[in-house]
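Student: Sending over a structure as structure tokens; questions will come in a sec.
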Amino acid sequence: MIVVKTTQKLRQILSKNKKTVGFIPTMGALHQGHLSLVRRSRRECGFVVVSIFVNPTQFGPGEDYSKYPKDFAKDKKLLKSEKVDVIFCPSAKEIYPDNFSTYIYPKGLSAVLCGHSRPDHFGGVCTIVAKLFNIVSADVAYFGQKDYQQACIIKKMVRDLNFDLKIKVLPIVREVDGLAMSSRNQYLNKKERADAAVLYSSLKQAKILVKGGIRDPKKIIAEMKRIIVSKKNAKIDYVKIVDVINLQEIKKVEAKVLVAIAVYIGKTRLIDNVII
Ligand code: AMP
């Protein structure tokens, strides 16, 4: 496994490669969710590149950019044991040199769900992902359903801007109590960590209600909110039931829907979702 910090060096390595390139963009502080993407890529591709880059342009003012968890030594060990070929871990200056001034701001899908409380987030995500796609020239890139809206926006960007690669979206990996794995779970204290299981409990309840024949999203959302706010540490950002393609709120549960939530547990904002 080679650790590469510059675009020039990475391109040099990739120019000699003839195998299919699988790419997993991450912000590090790796967990089993990330590793599920790495493993799939390792199975499907001859050459696997993982990027570790905490992207400043996707964090809003007052968000956790400066304190985002970092443990490169541990990440490196994990990726080595997964037989990754290259870790690309550029500096912020390498990616955004002085005078950098070209950004990609997606329309439509970025205005809903997380877009309300994080208005510039998906612009930052598209900008970094587009840059990484251009740098890595992968054949397949792997993303998690955990960030469902992000995956939809990236798929749309790939279509709209004619990127020549395939996007695969893999299932959410969860802790034993159902909490979706996330680098941000590290922020939670013991009580908050226990309370954070309420996100998945509320999503499970949504599934039960739909299976039981409830079709009114308002009823399902009200029940989910009741469950979430039963935990003192929890503050709801949003609980929404939307169409899986256009992410618009639906009036009746008739076809496949995405139940998506964002909840603060203490000061930590967590997201989760299920498709029903
Ligand atoms: P991040 O490092 O948080 O930017 O995540 C990098 C990639 O890992 C994204 O495509 C995420 O959707 C994916 N990911 C994060 N958490 C999970 C999880 N619990 N299960 C599956 N994929 C995940």
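Chain labels A, B, ... are given in the sequence in which chains occur in the structure tokens; within each chain residues are numbered consecutively from 1, and ligands are likewise numbered from 1 in the order shown.
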How would you write, as number ranges by chain, the set of residues no farther than 10 Å from ligand 1 when counting only C-alpha atoms and all ligand atoms?
Tutor: A: 24-38, 50-55, 125, 141-151, 168-175, 179-184, 271-272
Student: If we count only C-alpha atoms and set the cut-off at 12 Å, which residues sit around Val229 (chain A), ignoring sequence neighbours fewer than 4 positions away in its own chain? Please answer as a ChimeraX atom specification.
Tutor: /A:195-196,198-199,201-202,222-225,233-237,239,263-265
Student: Atoms to include: N, CA, C and O atoms. Write the selected residues as an mmCIF file, in the first residue's frame.
Tutor:
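Once everything was written out, this is part.cif:
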data_model
loop_
_atom_site.group_PDB
_atom_site.id
_atom_site.type_symbol
_atom_site.label_atom_id
_atom_site.label_comp_id
_atom_site.auth_asym_id
_atom_site.auth_seq_id
_atom_site.Cartn_x
_atom_site.Cartn_y
_atom_site.Cartn_z
ATOM 1 N N ASP A 195 -28.616 7.372 24.103
ATOM 2 C CA ASP A 195 -29.816 8.037 23.559
ATOM 3 C C ASP A 195 -29.849 8.044 22.031
ATOM 4 O O ASP A 195 -30.922 8.093 21.419
ATOM 5 N N ALA A 196 -28.645 8.021 21.419
ATOM 6 C CA ALA A 196 -28.569 8.125 19.951
ATOM 7 C C ALA A 196 -29.243 6.944 19.249
ATOM 8 O O ALA A 196 -29.608 7.044 18.071
ATOM 9 N N VAL A 198 -32.070 6.144 19.521
ATOM 10 C CA VAL A 198 -33.459 6.538 19.255
ATOM 11 C C VAL A 198 -33.680 6.875 17.765
ATOM 12 O O VAL A 198 -34.789 6.759 17.258
ATOM 13 N N LEU A 199 -32.611 7.276 17.076
ATOM 14 C CA LEU A 199 -32.785 7.585 15.643
ATOM 15 C C LEU A 199 -33.295 6.340 14.916
ATOM 16 O O LEU A 199 -34.296 6.384 14.205
ATOM 17 N N SER A 201 -34.523 3.592 16.298
ATOM 18 C CA SER A 201 -35.814 3.130 16.836
ATOM 19 C C SER A 201 -36.962 3.820 16.110
ATOM 20 O O SER A 201 -37.977 3.186 15.779
ATOM 21 N N SER A 202 -36.813 5.122 15.860
ATOM 22 C CA SER A 202 -37.903 5.856 15.202
ATOM 23 C C SER A 202 -38.074 5.382 13.751
ATOM 24 O O SER A 202 -39.194 5.270 13.247
ATOM 25 N N ALA A 222 -45.409 12.027 12.968
ATOM 26 C CA ALA A 222 -45.783 12.430 14.336
ATOM 27 C C ALA A 222 -45.336 11.377 15.345
ATOM 28 O O ALA A 222 -44.786 11.693 16.407
ATOM 29 N N GLU A 223 -45.537 10.108 14.994
ATOM 30 C CA GLU A 223 -45.140 9.009 15.882
ATOM 31 C C GLU A 223 -43.605 8.953 16.035
ATOM 32 O O GLU A 223 -43.073 8.747 17.124
ATOM 33 N N MET A 224 -42.908 9.167 14.923
ATOM 34 C CA MET A 224 -41.427 9.160 14.972
ATOM 35 C C MET A 224 -40.920 10.300 15.858
ATOM 36 O O MET A 224 -40.016 10.120 16.677
ATOM 37 N N LYS A 225 -41.525 11.476 15.696
ATOM 38 C CA LYS A 225 -41.095 12.639 16.491
ATOM 39 C C LYS A 225 -41.329 12.392 17.973
ATOM 40 O O LYS A 225 -40.507 12.750 18.816
ATOM 41 N N ASN A 233 -31.877 14.478 25.462
ATOM 42 C CA ASN A 233 -30.729 14.984 24.698
ATOM 43 C C ASN A 233 -31.037 15.244 23.226
ATOM 44 O O ASN A 233 -30.214 15.800 22.516
ATOM 45 N N ALA A 234 -32.206 14.782 22.756
ATOM 46 C CA ALA A 234 -32.472 14.820 21.317
ATOM 47 C C ALA A 234 -33.235 16.077 20.900
ATOM 48 O O ALA A 234 -34.213 16.469 21.543
ATOM 49 N N LYS A 235 -32.759 16.701 19.816
ATOM 50 C CA LYS A 235 -33.467 17.849 19.229
ATOM 51 C C LYS A 235 -33.576 17.590 17.727
ATOM 52 O O LYS A 235 -32.565 17.337 17.066
ATOM 53 N N ILE A 236 -34.825 17.651 17.227
ATOM 54 C CA ILE A 236 -35.031 17.268 15.820
ATOM 55 C C ILE A 236 -34.653 18.406 14.881
ATOM 56 O O ILE A 236 -35.053 19.550 15.086
ATOM 57 N N ASP A 237 -33.863 18.086 13.858
ATOM 58 C CA ASP A 237 -33.651 19.026 12.755
ATOM 59 C C ASP A 237 -34.758 18.787 11.730
ATOM 60 O O ASP A 237 -35.541 19.670 11.425
ATOM 61 N N VAL A 239 -37.612 15.421 10.223
ATOM 62 C CA VAL A 239 -38.079 14.045 10.009
ATOM 63 C C VAL A 239 -38.948 14.127 8.760
ATOM 64 O O VAL A 239 -39.975 14.811 8.757
ATOM 65 N N VAL A 263 -31.037 14.578 13.496
ATOM 66 C CA VAL A 263 -31.356 14.829 14.913
ATOM 67 C C VAL A 263 -30.082 15.247 15.638
ATOM 68 O O VAL A 263 -29.024 14.627 15.453
ATOM 69 N N TYR A 264 -30.173 16.304 16.424
ATOM 70 C CA TYR A 264 -29.061 16.643 17.297
ATOM 71 C C TYR A 264 -29.154 15.792 18.552
ATOM 72 O O TYR A 264 -30.211 15.736 19.188
ATOM 73 N N ILE A 265 -28.055 15.120 18.897
ATOM 74 C CA ILE A 265 -27.974 14.462 20.209
ATOM 75 C C ILE A 265 -26.946 15.293 20.964
ATOM 76 O O ILE A 265 -25.751 15.274 20.625
#
Student: Pick out the closest residue to Lys232 (chain A) from this set: A:Ala255, A:Ala194, A:Leu209, A:Val244. Count only C-alpha atoms.
Tutor: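 Using only C-alpha atoms, Lys232 (chain A) sits closest to A:Ala194.
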Student: CA of Tyr187 (chain A) and CA of Pro69 (chain A), how far apart in Å?
Tutor: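 Between these atoms lies a distance of 8.5 Å.
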Student: Report, in Å with one decimal, the straight-line distance from CA of Lys252 (chain A) to CA of Gly213 (chain A).
Tutor: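 So the two atoms, CA of Lys252 (chain A) and CA of Gly213 (chain A), lie 11.3 Å apart.
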Student: Near Cys152 (chain A), within 10 Å and counting only C-alpha atoms, which residues show up once chain neighbours fewer than 6 positions away are dropped, as a VMD selection string?
Tutor: chain A and resid 109 to 110 145 158 167 169 244 to 247
Student: May I have the residues within 12 Å of Ile128 (chain A) as a PyMOL selection string, using only C-alpha atoms and disregarding those fewer than 2 positions away in the same chain?
Tutor: chain A and resi 25-27+51-59+90+92+94-96+102-105+121-126+130-136+154
Student: Export N, CA and C atoms of the chosen residues as an mmCIF file, in the first residue's frame?
Tutor:
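Result file is again.cif:
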data_model
loop_
_atom_site.group_PDB
_atom_site.id
_atom_site.type_symbol
_atom_site.label_atom_id
_atom_site.label_comp_id
_atom_site.auth_asym_id
_atom_site.auth_seq_id
_atom_site.Cartn_x
_atom_site.Cartn_y
_atom_site.Cartn_z
ATOM 1 N N PRO A 25 -14.075 7.732 -1.663
ATOM 2 C CA PRO A 25 -13.736 8.998 -1.009
ATOM 3 C C PRO A 25 -14.212 8.997 0.445
ATOM 4 N N THR A 26 -13.330 9.401 1.378
ATOM 5 C CA THR A 26 -13.713 9.464 2.789
ATOM 6 C C THR A 26 -13.089 10.698 3.441
ATOM 7 N N MET A 27 -13.571 10.967 4.652
ATOM 8 C CA MET A 27 -12.939 12.025 5.449
ATOM 9 C C MET A 27 -12.139 11.411 6.603
ATOM 10 N N SER A 51 -9.447 7.822 -0.638
ATOM 11 C CA SER A 51 -8.958 9.162 -0.280
ATOM 12 C C SER A 51 -9.382 9.488 1.145
ATOM 13 N N ILE A 52 -8.492 10.164 1.840
ATOM 14 C CA ILE A 52 -8.795 10.673 3.183
ATOM 15 C C ILE A 52 -8.547 12.166 3.126
ATOM 16 N N PHE A 53 -9.627 12.921 3.180
ATOM 17 C CA PHE A 53 -9.482 14.374 3.087
ATOM 18 C C PHE A 53 -10.667 15.026 3.786
ATOM 19 N N VAL A 54 -10.388 15.766 4.844
ATOM 20 C CA VAL A 54 -11.467 16.491 5.528
ATOM 21 C C VAL A 54 -11.658 17.795 4.745
ATOM 22 N N ASN A 55 -12.759 17.806 3.997
ATOM 23 C CA ASN A 55 -12.949 18.849 2.986
ATOM 24 C C ASN A 55 -13.528 20.132 3.578
ATOM 25 N N PRO A 56 -12.727 21.197 3.662
ATOM 26 C CA PRO A 56 -13.206 22.407 4.341
ATOM 27 C C PRO A 56 -14.433 23.039 3.688
ATOM 28 N N THR A 57 -14.573 22.891 2.350
ATOM 29 C CA THR A 57 -15.653 23.629 1.677
ATOM 30 C C THR A 57 -17.049 23.036 1.923
ATOM 31 N N GLN A 58 -17.109 21.854 2.542
ATOM 32 C CA GLN A 58 -18.447 21.301 2.806
ATOM 33 C C GLN A 58 -18.928 21.562 4.229
ATOM 34 N N PHE A 59 -18.111 22.247 5.005
ATOM 35 C CA PHE A 59 -18.503 22.606 6.378
ATOM 36 C C PHE A 59 -18.984 24.056 6.381
ATOM 37 N N PRO A 90 -4.279 14.219 0.442
ATOM 38 C CA PRO A 90 -3.680 15.517 0.113
ATOM 39 C C PRO A 90 -3.884 16.526 1.237
ATOM 40 N N ALA A 92 -4.931 20.464 2.455
ATOM 41 C CA ALA A 92 -5.965 21.405 1.990
ATOM 42 C C ALA A 92 -5.379 22.322 0.904
ATOM 43 N N GLU A 94 -3.054 21.540 -1.257
ATOM 44 C CA GLU A 94 -2.906 20.768 -2.499
ATOM 45 C C GLU A 94 -4.228 20.787 -3.293
ATOM 46 N N ILE A 95 -5.323 20.676 -2.553
ATOM 47 C CA ILE A 95 -6.639 20.625 -3.205
ATOM 48 C C ILE A 95 -7.176 22.029 -3.516
ATOM 49 N N TYR A 96 -6.991 22.925 -2.569
ATOM 50 C CA TYR A 96 -7.474 24.307 -2.759
ATOM 51 C C TYR A 96 -6.303 25.281 -2.665
ATOM 52 N N THR A 102 -13.185 27.965 -8.483
ATOM 53 C CA THR A 102 -14.226 27.300 -9.280
ATOM 54 C C THR A 102 -14.944 26.241 -8.446
ATOM 55 N N TYR A 103 -16.235 26.433 -8.280
ATOM 56 C CA TYR A 103 -17.025 25.523 -7.432
ATOM 57 C C TYR A 103 -18.177 24.934 -8.241
ATOM 58 N N ILE A 104 -18.663 23.779 -7.800
ATOM 59 C CA ILE A 104 -19.863 23.196 -8.421
ATOM 60 C C ILE A 104 -20.997 23.302 -7.418
ATOM 61 N N TYR A 105 -22.039 24.029 -7.798
ATOM 62 C CA TYR A 105 -23.201 24.141 -6.919
ATOM 63 C C TYR A 105 -24.407 23.461 -7.547
ATOM 64 N N HIS A 121 -23.477 23.017 1.919
ATOM 65 C CA HIS A 121 -22.820 21.721 2.117
ATOM 66 C C HIS A 121 -22.632 20.932 0.812
ATOM 67 N N PHE A 122 -23.706 20.794 0.044
ATOM 68 C CA PHE A 122 -23.609 19.930 -1.142
ATOM 69 C C PHE A 122 -22.792 20.571 -2.267
ATOM 70 N N GLY A 123 -22.681 21.890 -2.247
ATOM 71 C CA GLY A 123 -21.769 22.557 -3.174
ATOM 72 C C GLY A 123 -20.330 22.156 -2.873
ATOM 73 N N GLY A 124 -20.002 22.148 -1.583
ATOM 74 C CA GLY A 124 -18.660 21.717 -1.165
ATOM 75 C C GLY A 124 -18.415 20.259 -1.506
ATOM 76 N N VAL A 125 -19.445 19.432 -1.282
ATOM 77 C CA VAL A 125 -19.319 17.995 -1.573
ATOM 78 C C VAL A 125 -19.098 17.777 -3.075
ATOM 79 N N CYS A 126 -19.930 18.419 -3.916
ATOM 80 C CA CYS A 126 -19.787 18.222 -5.369
ATOM 81 C C CYS A 126 -18.429 18.722 -5.851
ATOM 82 N N ALA A 130 -15.979 16.061 -7.485
ATOM 83 C CA ALA A 130 -15.627 16.258 -8.907
ATOM 84 C C ALA A 130 -14.110 16.339 -9.061
ATOM 85 N N LYS A 131 -13.461 17.078 -8.176
ATOM 86 C CA LYS A 131 -11.995 17.179 -8.245
ATOM 87 C C LYS A 131 -11.358 15.789 -8.070
ATOM 88 N N LEU A 132 -11.846 15.061 -7.071
ATOM 89 C CA LEU A 132 -11.271 13.727 -6.822
ATOM 90 C C LEU A 132 -11.535 12.781 -8.001
ATOM 91 N N PHE A 133 -12.721 12.871 -8.600
ATOM 92 C CA PHE A 133 -13.008 12.035 -9.773
ATOM 93 C C PHE A 133 -12.019 12.364 -10.901
ATOM 94 N N ASN A 134 -11.736 13.643 -11.083
ATOM 95 C CA ASN A 134 -10.777 14.036 -12.130
ATOM 96 C C ASN A 134 -9.358 13.589 -11.804
ATOM 97 N N ILE A 135 -9.018 13.598 -10.543
ATOM 98 C CA ILE A 135 -7.661 13.226 -10.133
ATOM 99 C C ILE A 135 -7.470 11.708 -10.210
ATOM 100 N N VAL A 136 -8.473 10.960 -9.738
ATOM 101 C CA VAL A 136 -8.313 9.504 -9.603
ATOM 102 C C VAL A 136 -8.689 8.750 -10.895
ATOM 103 N N ILE A 154 -24.644 13.211 -6.156
ATOM 104 C CA ILE A 154 -23.431 12.829 -6.895
ATOM 105 C C ILE A 154 -23.791 12.066 -8.169
#
